[in-house]
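So this one's work-v5.cif, mmCIF, C-alpha atoms:
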```
data_start
loop_
_atom_site.label_atom_id
_atom_site.label_comp_id
_atom_site.auth_asym_id
_atom_site.auth_seq_id
_atom_site.Cartn_x
_atom_site.Cartn_y
_atom_site.Cartn_z
CA MET A 1 0.00 0.00 0.00
CA ASP A 2 1.15 3.51 -0.83
CA PHE A 3 0.84 4.97 2.67
CA GLU A 4 2.38 8.28 1.69
CA ARG A 5 -0.45 8.88 -0.77
CA ILE A 6 -3.16 7.55 1.57
CA PHE A 7 -2.30 9.48 4.74
CA PRO A 8 -1.35 13.18 4.43
CA PHE A 9 0.58 12.99 7.73
CA TRP A 10 2.68 9.96 6.73
CA GLY A 11 5.86 11.99 6.21
CA ASP A 12 5.52 13.51 9.69
CA LEU A 13 5.33 10.14 11.45
CA LYS A 14 8.29 8.63 13.29
CA GLN A 15 9.33 5.15 12.22
CA GLU A 16 7.58 3.43 15.14
CA GLU A 17 4.40 5.37 14.40
CA GLN A 18 4.56 4.34 10.74
CA LYS A 19 4.93 0.71 11.86
CA LEU A 20 1.88 1.03 14.11
CA VAL A 21 -0.17 2.42 11.22
CA GLU A 22 1.08 -0.28 8.80
CA GLY A 23 0.15 -2.98 11.29
CA SER A 24 -3.31 -1.54 11.99
CA VAL A 25 -4.91 -0.65 8.65
CA VAL A 26 -7.63 -2.94 7.39
CA SER A 27 -9.44 -3.19 4.09
CA GLN A 28 -13.20 -3.05 4.00
CA LYS A 29 -15.75 -3.53 1.23
CA MET A 30 -19.13 -1.85 1.27
CA GLY A 31 -22.19 -2.41 -0.86
CA LYS A 32 -24.35 0.33 -2.38
CA GLY A 33 -26.32 2.07 0.37
CA ASP A 34 -24.33 0.57 3.25
CA ILE A 35 -23.87 3.00 6.13
CA LEU A 36 -20.28 3.58 7.26
CA HIS A 37 -21.09 6.04 10.02
CA ARG A 38 -24.31 6.92 11.78
CA GLY A 39 -23.47 10.08 13.74
CA CYS A 40 -23.10 10.24 17.46
CA GLY A 41 -21.29 7.40 19.16
CA GLU A 42 -19.77 5.61 16.20
CA CYS A 43 -16.09 5.97 15.55
CA SER A 44 -14.60 3.71 12.94
CA GLY A 45 -11.44 5.78 12.38
CA ILE A 46 -10.17 7.52 9.27
CA VAL A 47 -11.07 6.01 5.96
CA HIS A 48 -9.32 6.19 2.59
CA VAL A 49 -11.54 5.65 -0.44
CA ALA A 50 -9.62 3.14 -2.59
CA LYS A 51 -12.52 2.69 -5.02
CA GLY A 52 -16.11 3.88 -5.26
CA GLN A 53 -17.74 6.83 -3.55
CA LEU A 54 -18.92 7.93 -0.11
CA ARG A 55 -21.65 10.48 0.59
CA VAL A 56 -21.58 12.61 3.76
CA TYR A 57 -25.03 13.93 4.65
CA ILE A 58 -27.35 15.19 7.35
CA VAL A 59 -30.96 14.23 8.00
CA SER A 60 -33.74 16.40 9.40
CA GLU A 61 -36.19 15.23 12.04
CA GLU A 62 -38.69 14.82 9.24
CA GLY A 63 -36.30 12.54 7.38
CA ARG A 64 -35.20 15.00 4.71
CA GLU A 65 -31.61 14.45 3.62
CA VAL A 66 -29.09 16.99 2.46
CA THR A 67 -25.76 15.93 1.02
CA LEU A 68 -22.85 17.96 2.38
CA TYR A 69 -20.12 16.56 0.14
CA ARG A 70 -18.94 13.40 -1.55
CA LEU A 71 -15.64 11.59 -1.26
CA HIS A 72 -14.16 9.97 -4.34
CA GLN A 73 -11.33 7.59 -5.06
CA GLY A 74 -8.19 8.81 -3.30
CA ASP A 75 -10.04 11.01 -0.78
CA LEU A 76 -9.69 10.68 2.97
CA CYS A 77 -12.79 10.62 5.17
CA VAL A 78 -12.10 11.98 8.65
CA LEU A 79 -15.58 12.68 10.04
CA SER A 80 -15.80 8.94 10.70
CA ALA A 81 -13.23 9.66 13.43
CA SER A 82 -15.06 12.65 14.87
CA CYS A 83 -15.09 11.06 18.36
CA LEU A 84 -11.34 11.73 18.46
CA MET A 85 -11.77 15.38 17.41
CA ASP A 86 -13.33 17.29 20.26
CA ALA A 87 -13.94 20.45 18.23
CA ILE A 88 -16.56 18.59 16.16
CA VAL A 89 -19.93 18.76 17.88
CA PHE A 90 -22.33 17.87 15.08
CA ASP A 91 -23.43 14.61 13.58
CA VAL A 92 -23.36 13.39 10.02
CA LEU A 93 -24.14 10.15 8.29
CA ILE A 94 -21.82 8.54 5.76
CA GLU A 95 -22.91 5.96 3.22
CA ALA A 96 -21.46 4.15 0.23
CA VAL A 97 -23.08 5.50 -2.94
CA ARG A 98 -22.02 2.40 -4.88
CA GLU A 99 -19.77 -0.60 -4.30
CA THR A 100 -16.87 0.90 -2.43
CA GLU A 101 -13.49 -0.31 -1.19
CA LEU A 102 -11.96 1.35 1.82
CA VAL A 103 -8.67 1.35 3.69
CA VAL A 104 -9.44 2.02 7.34
CA LEU A 105 -7.08 3.15 10.08
CA PRO A 106 -9.18 2.17 13.12
CA SER A 107 -9.70 4.55 16.03
CA PRO A 108 -7.55 2.76 18.64
CA ALA A 109 -4.37 3.00 16.54
CA LEU A 110 -5.30 6.45 15.24
CA SER A 111 -5.80 7.64 18.80
CA VAL A 112 -2.29 6.52 19.75
CA VAL A 113 -0.54 8.29 16.87
CA MET A 114 -2.69 11.41 17.41
CA GLN A 115 -1.55 11.60 21.02
CA LYS A 116 2.08 11.08 20.09
CA ASN A 117 2.22 13.40 17.13
CA PRO A 118 0.34 16.73 16.83
CA MET A 119 0.91 16.76 13.05
CA VAL A 120 -1.63 13.92 12.75
CA GLU A 121 -4.31 15.92 14.55
CA LEU A 122 -3.42 18.97 12.44
CA ALA A 123 -3.78 16.95 9.22
CA LEU A 124 -7.22 15.70 10.30
CA TYR A 125 -8.51 19.16 11.23
CA LYS A 126 -7.14 20.57 7.98
CA THR A 127 -9.05 17.90 6.06
CA VAL A 128 -12.26 18.79 7.91
CA VAL A 129 -11.79 22.46 7.00
CA GLU A 130 -11.11 21.57 3.34
CA ASN A 131 -14.34 19.58 3.26
CA PHE A 132 -16.17 22.46 4.87
CA SER A 133 -14.94 24.81 2.20
CA GLU A 134 -16.91 22.60 -0.18
CA VAL A 135 -19.95 22.64 2.10
CA MET A 136 -19.86 26.44 2.20
CA TRP A 137 -19.76 26.56 -1.56
CA THR A 138 -22.69 24.17 -1.96
CA MET A 139 -24.59 26.14 0.63
CA GLN A 140 -24.04 29.45 -1.15
CA GLN A 141 -24.94 28.12 -4.58
CA ILE A 142 -27.97 26.08 -3.68
CA LEU A 143 -29.47 28.09 -0.88
CA PHE A 144 -28.45 31.69 -1.12
CA MET A 145 -27.86 32.47 -4.75
CA GLY A 146 -31.07 30.86 -5.86
CA ALA A 147 -29.27 28.62 -8.34
CA ASP A 148 -31.69 25.78 -7.61
CA LYS A 149 -34.61 28.04 -8.50
CA ARG A 150 -32.98 29.23 -11.70
CA VAL A 151 -32.24 25.70 -12.88
CA ALA A 152 -35.74 24.53 -11.89
CA HIS A 153 -37.35 27.41 -13.81
CA PHE A 154 -35.27 26.65 -16.86
CA LEU A 155 -36.16 22.93 -16.81
CA TRP A 156 -39.85 23.75 -16.26
CA ASP A 157 -39.92 26.19 -19.18
CA GLU A 158 -38.10 23.76 -21.48
CA MET A 159 -40.56 21.02 -20.58
CA ALA A 160 -43.50 23.35 -21.27
CA LYS A 161 -41.97 24.49 -24.56
CA THR A 162 -41.10 21.07 -25.99
CA GLY A 163 -43.86 19.08 -24.29
CA GLU A 164 -41.25 16.45 -23.42
CA MET A 165 -39.94 15.20 -20.10
CA THR A 166 -36.44 14.75 -21.51
CA ILE A 167 -34.27 17.80 -22.11
CA ARG A 168 -31.41 17.16 -24.49
CA LEU A 169 -28.86 19.66 -23.27
CA THR A 170 -25.48 19.43 -21.56
CA HIS A 171 -24.84 21.09 -18.20
CA GLU A 172 -22.64 23.57 -20.03
CA GLU A 173 -25.53 24.56 -22.29
CA VAL A 174 -27.96 24.92 -19.38
CA ALA A 175 -25.40 27.09 -17.58
CA ARG A 176 -25.09 29.31 -20.62
CA PHE A 177 -28.86 29.67 -20.88
CA ILE A 178 -29.31 30.75 -17.25
CA GLY A 179 -26.12 32.79 -17.04
CA SER A 180 -24.39 30.58 -14.52
CA ALA A 181 -21.29 28.38 -14.36
CA ARG A 182 -21.29 24.74 -15.44
CA GLU A 183 -20.07 23.68 -11.97
CA VAL A 184 -23.08 25.38 -10.41
CA VAL A 185 -25.53 23.68 -12.77
CA THR A 186 -23.86 20.32 -12.18
CA LYS A 187 -24.10 20.75 -8.39
CA VAL A 188 -27.78 21.72 -8.58
CA LEU A 189 -28.58 18.85 -10.96
CA LYS A 190 -26.78 16.39 -8.69
CA TYR A 191 -28.83 17.74 -5.82
CA PHE A 192 -32.00 17.26 -7.90
CA VAL A 193 -30.96 13.67 -8.66
CA GLU A 194 -30.66 12.96 -4.95
CA GLU A 195 -34.06 14.52 -4.37
CA GLU A 196 -35.39 12.30 -7.20
CA VAL A 197 -36.54 15.25 -9.25
CA VAL A 198 -34.50 14.39 -12.35
CA ALA A 199 -32.37 11.57 -13.71
CA LEU A 200 -29.22 12.32 -15.68
CA SER A 201 -27.60 10.54 -18.56
CA ARG A 202 -25.11 11.62 -21.18
CA GLY A 203 -26.32 14.92 -22.70
CA LYS A 204 -29.82 14.39 -21.27
CA ILE A 205 -31.79 15.59 -18.27
CA GLU A 206 -34.97 13.61 -17.62
CA ILE A 207 -37.63 15.05 -15.36
CA ILE A 208 -38.97 12.18 -13.27
CA ASP A 209 -41.16 14.08 -10.81
CA LYS A 210 -42.99 17.16 -12.09
CA ALA A 211 -44.63 17.91 -8.73
CA LYS A 212 -41.28 17.96 -6.97
CA LEU A 213 -39.78 20.15 -9.68
CA ARG A 214 -42.67 22.60 -9.26
CA GLY A 215 -41.74 22.81 -5.57
CA TYR A 216 -38.48 24.53 -6.54
CA LEU A 217 -40.07 27.23 -8.71
CA MET B 1 -3.28 41.22 29.43
CA ASP B 2 -4.23 37.65 30.25
CA PHE B 3 -2.61 35.98 27.26
CA GLU B 4 -3.31 32.48 28.50
CA ARG B 5 -7.05 33.19 28.37
CA ILE B 6 -6.86 35.07 25.06
CA PHE B 7 -4.83 32.61 23.00
CA PRO B 8 -5.61 28.88 23.31
CA PHE B 9 -2.07 28.00 22.16
CA TRP B 10 -0.32 30.22 24.73
CA GLY B 11 0.81 27.30 26.92
CA ASP B 12 2.38 25.59 23.90
CA LEU B 13 4.54 28.58 22.97
CA LYS B 14 8.24 28.74 23.76
CA GLN B 15 9.38 31.76 25.75
CA GLU B 16 10.72 33.59 22.69
CA GLU B 17 7.43 32.97 20.86
CA GLN B 18 5.47 34.33 23.83
CA LYS B 19 7.65 37.44 23.77
CA LEU B 20 7.00 37.93 20.06
CA VAL B 21 3.24 37.68 20.66
CA GLU B 22 3.37 40.06 23.64
CA GLY B 23 5.28 42.59 21.60
CA SER B 24 2.95 42.34 18.61
CA VAL B 25 -0.63 42.47 19.89
CA VAL B 26 -2.55 45.69 19.38
CA SER B 27 -5.89 46.93 20.69
CA GLN B 28 -8.54 48.09 18.27
CA LYS B 29 -11.93 49.76 18.75
CA MET B 30 -14.75 49.34 16.27
CA GLY B 31 -18.05 51.15 15.92
CA LYS B 32 -21.38 49.50 15.20
CA GLY B 33 -21.44 48.23 11.60
CA ASP B 34 -17.70 48.63 11.03
CA ILE B 35 -16.25 45.89 8.83
CA LEU B 36 -13.28 43.98 10.25
CA HIS B 37 -12.80 41.64 7.32
CA ARG B 38 -14.02 41.72 3.76
CA GLY B 39 -13.21 38.28 2.38
CA CYS B 40 -10.54 37.55 -0.16
CA GLY B 41 -7.24 39.34 0.19
CA GLU B 42 -7.62 40.84 3.65
CA CYS B 43 -5.71 39.29 6.49
CA SER B 44 -5.70 41.22 9.73
CA GLY B 45 -4.64 38.29 11.91
CA ILE B 46 -6.44 36.58 14.77
CA VAL B 47 -8.76 38.70 16.86
CA HIS B 48 -9.89 38.33 20.47
CA VAL B 49 -13.22 39.95 21.33
CA ALA B 50 -12.53 41.87 24.56
CA LYS B 51 -15.93 43.56 24.55
CA GLY B 52 -18.92 43.71 22.20
CA GLN B 53 -19.86 41.32 19.41
CA LEU B 54 -18.72 40.32 15.94
CA ARG B 55 -20.90 38.79 13.25
CA VAL B 56 -19.43 36.44 10.61
CA TYR B 57 -21.58 36.31 7.48
CA ILE B 58 -21.72 35.62 3.78
CA VAL B 59 -23.38 37.70 1.08
CA SER B 60 -24.96 36.48 -2.12
CA GLU B 61 -24.49 38.20 -5.48
CA GLU B 62 -27.90 39.78 -4.97
CA GLY B 63 -26.76 41.24 -1.65
CA ARG B 64 -28.62 38.80 0.55
CA GLU B 65 -26.80 38.22 3.83
CA VAL B 66 -26.73 35.13 5.97
CA THR B 67 -25.15 35.13 9.41
CA LEU B 68 -22.99 32.06 9.97
CA TYR B 69 -22.18 32.66 13.62
CA ARG B 70 -21.49 35.37 16.15
CA LEU B 71 -18.47 35.92 18.37
CA HIS B 72 -19.01 37.25 21.86
CA GLN B 73 -16.78 38.61 24.60
CA GLY B 74 -13.91 36.18 25.20
CA ASP B 75 -14.20 34.48 21.78
CA LEU B 76 -11.37 34.24 19.28
CA CYS B 77 -11.95 35.10 15.63
CA VAL B 78 -9.63 33.18 13.31
CA LEU B 79 -11.26 33.55 9.88
CA SER B 80 -9.72 37.04 9.81
CA ALA B 81 -6.43 35.15 9.39
CA SER B 82 -7.69 32.80 6.67
CA CYS B 83 -4.89 33.88 4.31
CA LEU B 84 -2.52 31.94 6.60
CA MET B 85 -4.69 28.80 6.56
CA ASP B 86 -4.50 27.19 3.14
CA ALA B 87 -7.33 24.71 3.78
CA ILE B 88 -9.81 27.61 3.84
CA VAL B 89 -10.97 28.44 0.34
CA PHE B 90 -14.12 30.45 0.96
CA ASP B 91 -14.76 34.06 1.85
CA VAL B 92 -16.69 35.59 4.71
CA LEU B 93 -17.34 39.09 5.97
CA ILE B 94 -16.94 40.07 9.60
CA GLU B 95 -18.54 43.14 11.13
CA ALA B 96 -18.97 44.65 14.59
CA VAL B 97 -22.62 44.32 15.65
CA ARG B 98 -22.20 47.06 18.24
CA GLU B 99 -19.30 49.03 19.77
CA THR B 100 -16.59 46.41 20.05
CA GLU B 101 -13.09 46.25 21.52
CA LEU B 102 -10.58 43.84 20.06
CA VAL B 103 -7.12 42.48 20.80
CA VAL B 104 -5.43 41.70 17.50
CA LEU B 105 -2.40 39.50 16.86
CA PRO B 106 -1.46 40.78 13.38
CA SER B 107 -0.66 38.38 10.52
CA PRO B 108 3.10 39.02 10.27
CA ALA B 109 3.76 37.96 13.88
CA LEU B 110 1.14 35.19 13.72
CA SER B 111 2.76 33.83 10.57
CA VAL B 112 6.13 33.57 12.36
CA VAL B 113 4.81 31.65 15.39
CA MET B 114 2.72 29.42 13.11
CA GLN B 115 5.79 28.42 11.13
CA LYS B 116 7.79 27.78 14.30
CA ASN B 117 5.13 25.91 16.24
CA PRO B 118 2.58 23.48 14.76
CA MET B 119 0.43 23.74 17.93
CA VAL B 120 -0.52 27.28 16.86
CA GLU B 121 -1.79 26.10 13.48
CA LEU B 122 -3.62 23.23 15.21
CA ALA B 123 -5.33 25.65 17.64
CA LEU B 124 -6.49 27.85 14.73
CA TYR B 125 -7.88 24.94 12.71
CA LYS B 126 -9.61 23.59 15.81
CA THR B 127 -11.26 26.97 16.33
CA VAL B 128 -12.45 27.00 12.71
CA VAL B 129 -13.99 23.55 13.18
CA GLU B 130 -15.69 24.64 16.42
CA ASN B 131 -17.18 27.60 14.58
CA PHE B 132 -18.26 25.28 11.80
CA SER B 133 -20.14 23.16 14.26
CA GLU B 134 -22.21 26.27 14.82
CA VAL B 135 -22.51 26.88 11.07
CA MET B 136 -23.85 23.35 10.67
CA TRP B 137 -26.51 24.22 13.17
CA THR B 138 -27.42 27.37 11.23
CA MET B 139 -27.51 25.36 8.05
CA GLN B 140 -29.82 22.77 9.49
CA GLN B 141 -32.13 25.55 10.58
CA ILE B 142 -32.10 27.10 7.12
CA LEU B 143 -32.47 23.79 5.30
CA PHE B 144 -34.90 21.96 7.45
CA MET B 145 -36.93 24.35 9.52
CA GLY B 146 -39.86 26.41 8.41
CA ALA B 147 -39.62 30.17 8.71
CA ASP B 148 -41.82 30.20 11.83
CA LYS B 149 -39.44 27.86 13.58
CA ARG B 150 -36.46 29.94 12.56
CA VAL B 151 -37.96 33.20 13.80
CA ALA B 152 -38.99 31.52 17.05
CA HIS B 153 -35.50 30.13 17.55
CA PHE B 154 -33.98 33.52 16.93
CA LEU B 155 -36.30 35.30 19.39
CA TRP B 156 -35.71 32.59 21.98
CA ASP B 157 -31.93 32.79 21.65
CA GLU B 158 -31.96 36.60 21.80
CA MET B 159 -34.11 36.47 24.94
CA ALA B 160 -31.78 33.92 26.54
CA LYS B 161 -28.72 35.96 25.62
CA THR B 162 -29.90 39.37 26.76
CA GLY B 163 -32.15 38.18 29.58
CA GLU B 164 -34.80 40.62 28.33
CA MET B 165 -38.30 40.05 26.99
CA THR B 166 -37.96 42.98 24.58
CA ILE B 167 -35.84 42.56 21.48
CA ARG B 168 -34.82 45.87 19.91
CA LEU B 169 -34.47 44.89 16.29
CA THR B 170 -36.36 45.70 13.11
CA HIS B 171 -37.90 42.97 10.96
CA GLU B 172 -35.22 43.71 8.38
CA GLU B 173 -32.50 43.03 10.94
CA VAL B 174 -34.14 39.81 12.13
CA ALA B 175 -34.41 38.68 8.48
CA ARG B 176 -30.73 39.34 7.93
CA PHE B 177 -29.76 37.38 11.03
CA ILE B 178 -31.76 34.31 10.07
CA GLY B 179 -31.07 34.43 6.34
CA SER B 180 -34.60 35.16 5.26
CA ALA B 181 -36.53 37.98 3.59
CA ARG B 182 -38.11 40.86 5.55
CA GLU B 183 -41.55 40.00 4.18
CA VAL B 184 -41.26 36.47 5.54
CA VAL B 185 -40.24 37.70 8.98
CA THR B 186 -43.08 40.25 9.02
CA LYS B 187 -45.56 37.53 8.11
CA VAL B 188 -44.33 35.21 10.83
CA LEU B 189 -44.32 38.02 13.43
CA LYS B 190 -47.89 39.03 12.50
CA TYR B 191 -48.88 35.41 12.93
CA PHE B 192 -47.16 35.38 16.32
CA VAL B 193 -49.07 38.55 17.29
CA GLU B 194 -52.35 36.87 16.44
CA GLU B 195 -51.34 33.87 18.50
CA GLU B 196 -50.42 36.25 21.35
CA VAL B 197 -46.82 35.11 21.40
CA VAL B 198 -45.33 38.57 20.83
CA ALA B 199 -46.41 42.22 20.69
CA LEU B 200 -44.90 44.58 18.12
CA SER B 201 -44.08 48.26 18.27
CA ARG B 202 -41.69 50.44 16.30
CA GLY B 203 -38.27 48.72 16.24
CA LYS B 204 -39.24 46.40 19.07
CA ILE B 205 -40.48 42.84 19.46
CA GLU B 206 -41.82 42.04 22.92
CA ILE B 207 -42.21 38.42 23.95
CA ILE B 208 -45.47 38.21 25.93
CA ASP B 209 -45.77 34.43 26.25
CA LYS B 210 -42.59 32.43 26.70
CA ALA B 211 -44.39 29.09 26.92
CA LYS B 212 -46.14 29.66 23.61
CA LEU B 213 -42.90 30.75 22.00
CA ARG B 214 -41.25 27.57 23.22
CA GLY B 215 -43.98 25.64 21.43
CA TYR B 216 -42.53 26.80 18.12
CA LEU B 217 -38.97 25.64 18.82
#
```

Reformat the file's structure so that it appears as structure tokens.
Amino acid sequence: MDFERIFPFWGDLKQEEQKLVEGSVVSQKMGKGDILHRGCGECSGIVHVAKGQLRVYIVSEEGREVTLYRLHQGDLCVLSASCLMDAIVFDVLIEAVRETELVVLPSPALSVVMQKNPMVELALYKTVVENFSEVMWTMQQILFMGADKRVAHFLWDEMAKTGEMTIRLTHEEVARFIGSAREVVTKVLKYFVEEEVVALSRGKIEIIDKAKLRGYL
Amino acid sequence: MDFERIFPFWGDLKQEEQKLVEGSVVSQKMGKGDILHRGCGECSGIVHVAKGQLRVYIVSEEGREVTLYRLHQGDLCVLSASCLMDAIVFDVLIEAVRETELVVLPSPALSVVMQKNPMVELALYKTVVENFSEVMWTMQQILFMGADKRVAHFLWDEMAKTGEMTIRLTHEEVARFIGSAREVVTKVLKYFVEEEVVALSRGKIEIIDKAKLRGYL
């Protein structure tokens, strides 16, 4: 295993700490929809995504989910070790979006190297803040700049104009039509996919729930 | 000055680093509405609130503001040093909510102790994550709660904070604090008047039934 690539703090570890990590990591396979972390109380450790994708999300009392960010191949998930990071006082859920392979450094070993070496704790907190930068961005686009409304209006109008539930446009083209950036449109459309408003395929956006789409107008 | 109370990393500093900090801090007074930090490019350093209150917020392209969190007497503001923290890639604004007195450790000196001592960087990132725990809470309110709940939460928190049943804020100001529109806040407050939860007069919201207000939390 390429530990230097997996763990950002690898180069800061002493030899005995590196040995402890090498001897502690385990591989784990998850199926689509399997839950890695269920908020409060659980503490599996830090998790490297070797293959597949994880989704970090929150759930309201009424059961509504909002995705905070996703972790792809090569990313490190640290909120699954939030029990060891006392500055984190909120709960998230983490699930495998598809078949996913993980390399896990379990909490007991992680805890030992964290106590011995402050650079490990620093690397974990830095990763949390990097992830949060993404959360802030999502939050601004979707909630405050009204991008979700603009995309919803555009899709609604296209549907009305063509009389078809399938809109044959790329994200780039939609972005150009509504005067936004492709990244913004992609984020909103991904959000709509999760909310089961649309389904996406190459060059196509299919509206699967008109009533839900209307809710965003 | 009680540096140990002001800077969470004080005990981890070497004597020469403590001397550098002692010789570098400056006091600063701000009037109500004065801007301490205006996102990208500015970097005043870390800021201890000796008196008063700071508000950390984001602004949409359309000028809509959303308060992320507030810093009260004794709190440390670190996002004003985000230029020195490369994991932060988003912008916020920071303003004084009322007359505020600050103790500032300017960026040049902060940068030196950060490079010498990883515990300083760790303390800053930890503070960011603590603040983010509060942002998550705000976000959950915005995402999941109805406007009535949000207004009720705001009034309740203000009451708890000031210990007074009368909140001296306009509907516009309440809207800005909870990330909503003035019209929405006015509607909710009128509803609360009808339900005999609050009474309204010019620039004032008086809570007349705490138990009823609690029912909306």

Contact residues around stretch 63-75 of chain B with all atoms listed in the file at 10 Å, ignoring same-chain residues under 5 positions, as number ranges by chain: A: 140, 144-145; B: 5-7, 47-58, 92-97, 100-102, 127, 131-139, 142, 175-181

How would the residues just picked look written out with C-alpha atoms as a PDB file, in the coordinates of the input?
```
ATOM      1  CA  GLN A 140     -24.040  29.450  -1.150  1.00  0.00           C
ATOM      2  CA  PHE A 144     -28.450  31.690  -1.120  1.00  0.00           C
ATOM      3  CA  MET A 145     -27.860  32.470  -4.750  1.00  0.00           C
TER       4      MET A 145
ATOM      5  CA  ARG B   5      -7.050  33.190  28.370  1.00  0.00           C
ATOM      6  CA  ILE B   6      -6.860  35.070  25.060  1.00  0.00           C
ATOM      7  CA  PHE B   7      -4.830  32.610  23.000  1.00  0.00           C
ATOM      8  CA  VAL B  47      -8.760  38.700  16.860  1.00  0.00           C
ATOM      9  CA  HIS B  48      -9.890  38.330  20.470  1.00  0.00           C
ATOM     10  CA  VAL B  49     -13.220  39.950  21.330  1.00  0.00           C
ATOM     11  CA  ALA B  50     -12.530  41.870  24.560  1.00  0.00           C
ATOM     12  CA  LYS B  51     -15.930  43.560  24.550  1.00  0.00           C
ATOM     13  CA  GLY B  52     -18.920  43.710  22.200  1.00  0.00           C
ATOM     14  CA  GLN B  53     -19.860  41.320  19.410  1.00  0.00           C
ATOM     15  CA  LEU B  54     -18.720  40.320  15.940  1.00  0.00           C
ATOM     16  CA  ARG B  55     -20.900  38.790  13.250  1.00  0.00           C
ATOM     17  CA  VAL B  56     -19.430  36.440  10.610  1.00  0.00           C
ATOM     18  CA  TYR B  57     -21.580  36.310   7.480  1.00  0.00           C
ATOM     19  CA  ILE B  58     -21.720  35.620   3.780  1.00  0.00           C
ATOM     20  CA  VAL B  92     -16.690  35.590   4.710  1.00  0.00           C
ATOM     21  CA  LEU B  93     -17.340  39.090   5.970  1.00  0.00           C
ATOM     22  CA  ILE B  94     -16.940  40.070   9.600  1.00  0.00           C
ATOM     23  CA  GLU B  95     -18.540  43.140  11.130  1.00  0.00           C
ATOM     24  CA  ALA B  96     -18.970  44.650  14.590  1.00  0.00           C
ATOM     25  CA  VAL B  97     -22.620  44.320  15.650  1.00  0.00           C
ATOM     26  CA  THR B 100     -16.590  46.410  20.050  1.00  0.00           C
ATOM     27  CA  GLU B 101     -13.090  46.250  21.520  1.00  0.00           C
ATOM     28  CA  LEU B 102     -10.580  43.840  20.060  1.00  0.00           C
ATOM     29  CA  THR B 127     -11.260  26.970  16.330  1.00  0.00           C
ATOM     30  CA  ASN B 131     -17.180  27.600  14.580  1.00  0.00           C
ATOM     31  CA  PHE B 132     -18.260  25.280  11.800  1.00  0.00           C
ATOM     32  CA  SER B 133     -20.140  23.160  14.260  1.00  0.00           C
ATOM     33  CA  GLU B 134     -22.210  26.270  14.820  1.00  0.00           C
ATOM     34  CA  VAL B 135     -22.510  26.880  11.070  1.00  0.00           C
ATOM     35  CA  MET B 136     -23.850  23.350  10.670  1.00  0.00           C
ATOM     36  CA  TRP B 137     -26.510  24.220  13.170  1.00  0.00           C
ATOM     37  CA  THR B 138     -27.420  27.370  11.230  1.00  0.00           C
ATOM     38  CA  MET B 139     -27.510  25.360   8.050  1.00  0.00           C
ATOM     39  CA  ILE B 142     -32.100  27.100   7.120  1.00  0.00           C
ATOM     40  CA  ALA B 175     -34.410  38.680   8.480  1.00  0.00           C
ATOM     41  CA  ARG B 176     -30.730  39.340   7.930  1.00  0.00           C
ATOM     42  CA  PHE B 177     -29.760  37.380  11.030  1.00  0.00           C
ATOM     43  CA  ILE B 178     -31.760  34.310  10.070  1.00  0.00           C
ATOM     44  CA  GLY B 179     -31.070  34.430   6.340  1.00  0.00           C
ATOM     45  CA  SER B 180     -34.600  35.160   5.260  1.00  0.00           C
ATOM     46  CA  ALA B 181     -36.530  37.980   3.590  1.00  0.00           C
TER      47      ALA B 181
END
```

Contacts of A:Ser111 within 12 Å, only C-alpha atoms, excl. fewer than 3 positions in-chain, as a VMD selection string: chain A and resid 17 20 to 21 24 43 to 46 81 to 85 105 to 108 114 to 118 120 to 121 124

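For chain B placed onto chain A with an all-Cα least-squares superposition, the residual RMSD comes to 9.7 Å.
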
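With only C-alpha atoms as the atoms that count, the residue of A:Arg38, A:Lys14, A:Arg98, A:Lys126 with the shortest distance to chain B is A:Lys126.
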
Residue IDs satisfying the PyMOL selection byres ((chain B and resi 205) around 12), as a short mmCIF file (atom, residue, chain, number, x, y, z; two decimals) with C-alpha atoms, in the coordinates of the input:
```cif
data_model
loop_
_atom_site.label_atom_id
_atom_site.label_comp_id
_atom_site.auth_asym_id
_atom_site.auth_seq_id
_atom_site.Cartn_x
_atom_site.Cartn_y
_atom_site.Cartn_z
CA VAL B 151 -37.96 33.20 13.80
CA ALA B 152 -38.99 31.52 17.05
CA PHE B 154 -33.98 33.52 16.93
CA LEU B 155 -36.30 35.30 19.39
CA TRP B 156 -35.71 32.59 21.98
CA GLU B 158 -31.96 36.60 21.80
CA MET B 159 -34.11 36.47 24.94
CA GLU B 164 -34.80 40.62 28.33
CA MET B 165 -38.30 40.05 26.99
CA THR B 166 -37.96 42.98 24.58
CA ILE B 167 -35.84 42.56 21.48
CA ARG B 168 -34.82 45.87 19.91
CA LEU B 169 -34.47 44.89 16.29
CA THR B 170 -36.36 45.70 13.11
CA HIS B 171 -37.90 42.97 10.96
CA GLU B 173 -32.50 43.03 10.94
CA VAL B 174 -34.14 39.81 12.13
CA VAL B 185 -40.24 37.70 8.98
CA THR B 186 -43.08 40.25 9.02
CA LEU B 189 -44.32 38.02 13.43
CA LYS B 190 -47.89 39.03 12.50
CA PHE B 192 -47.16 35.38 16.32
CA VAL B 193 -49.07 38.55 17.29
CA VAL B 197 -46.82 35.11 21.40
CA VAL B 198 -45.33 38.57 20.83
CA ALA B 199 -46.41 42.22 20.69
CA LEU B 200 -44.90 44.58 18.12
CA SER B 201 -44.08 48.26 18.27
CA ARG B 202 -41.69 50.44 16.30
CA GLY B 203 -38.27 48.72 16.24
CA LYS B 204 -39.24 46.40 19.07
CA GLU B 206 -41.82 42.04 22.92
CA ILE B 207 -42.21 38.42 23.95
CA ILE B 208 -45.47 38.21 25.93
#
```

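In this structure, atom CA of B:Phe9 sits 15.7 Å away from atom CA of A:Asp86.
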
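You will find atom CA of A:Met30 at 28.5 Å from atom CA of A:Ala87.
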